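Below you'll find the structure, written out as C-alpha cells, and then a few comments.
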Amino acid sequence: MAHLSHDNSALLARVRRIGGQVGAVERALQGEAGCAEVLQLVAAVRGAVNGLLDEIIADHLEAHVAAPGLSDAERAQGAEELLAVIRRYSK
C-alpha cells in the first residue's frame, strides 16, 4: 500500500529538516553545549518527528481506511496496519 509515492516532496523536505535538527543536536553535544540547549534541540526534533508522524497517519487513514470505494477487507487491513504501528511505538 504505497500511496505516498504520488508526491513525496513535502514529506522529504520535512525529513531533511529533521535531519538538520538531528545534526544540530550532534554538533551541540560535540561542542559541549549546556543541558538546556541540548534539551531544547532534542525537544524540537521530537516535535518535528511527531508532526511528520501525524501527517503520515492522516494520509494513511484517508487512503486506506476512509477512502470511498475500498472494500471491507481493504479498510480492515488499513486499520490493522495503523493499529500495529500505534501499539508498537506508543509505549
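Residue numbers start at 1 in each chain; chains themselves are named A, B, ... in the order of the C-alpha cells; ligands are numbered from 1 in the order shown.
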Open item on the list: Please identify the helix (DSSP H, G or I) residues within chain A (assignment by DSSP from backbone atoms) and present them as a PyMOL selection string.
Closed with: chain A and resi 3-6+9-30+35-64+72-89
Task: Non-local contacts of Ile57 of chain A (8 Å; only C-alpha atoms; under 4 positions in same chain excluded) as a PyMOL selection string - done: chain A and resi 53+61+82
- [ ] Check the smallest atom-to-atom distance from each of A:Gln21, A:Ser9, A:Ser71, A:Gln77 to Val49 of chain A using only C-alpha atoms, then report the winner.
- [x] A:Gln21
TODO: For Glu37 of chain A, list every protein, DNA or RNA residue within 8 Å, evaluated using only C-alpha atoms, and leave out those in the same chain fewer than 4 positions away; present the list as a ChimeraX atom specification.
DONE: /A:28,33,41
Keeping only C-alpha atoms, write the selected residues to a file as an mmCIF file, in the first residue's frame.
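This is the output file part_37.cif:
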data_model
loop_
_atom_site.group_PDB
_atom_site.id
_atom_site.type_symbol
_atom_site.label_atom_id
_atom_site.label_comp_id
_atom_site.auth_asym_id
_atom_site.auth_seq_id
_atom_site.Cartn_x
_atom_site.Cartn_y
_atom_site.Cartn_z
ATOM 1 C CA ALA A 28 25.756 20.696 20.329
ATOM 2 C CA ALA A 33 26.662 22.740 24.837
ATOM 3 C CA LEU A 41 17.191 20.868 20.402
#
Open item on the list: Please report the interatomic distance between atom CA of Val65 of chain A and atom CA of Gly78 of chain A in Å with one decimal.
Closed with: 5.5 Å
TODO: Tell me which of A:Asn50, A:Arg87, A:Glu32, A:His60 sits closest to Arg75 of chain A, counting only C-alpha atoms.
DONE: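 Nearest to Arg75 of chain A: A:His60.
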TODO: Determine the nearest neighbour of Ile18 of chain A from the options A:Gly47, A:Leu39, A:Val85, A:Gly31, counting only C-alpha atoms.
DONE: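 Distance minimum relative to Ile18 of chain A lands on A:Gly47.
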- [ ] Go through A:Leu83, A:Pro68, A:Gly34, A:Val45 and flag the residue nearest Gly19 of chain A, using only C-alpha atoms for the distances.
- [x]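 Ranked by minimum distance to Gly19 of chain A, first place goes to A:Val45.
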- [ ] Give me, please, the distance in Å between atom CA of Gln30 of chain A and atom CA of Arg14 of chain A, quoted to one decimal.
- [x] 24.4 Å
Task: Given only C-alpha atoms as the counted atoms, nearest of A:Val38, A:Glu26, A:Asp54, A:Arg46 to Leu11 of chain A - done: A:Asp54
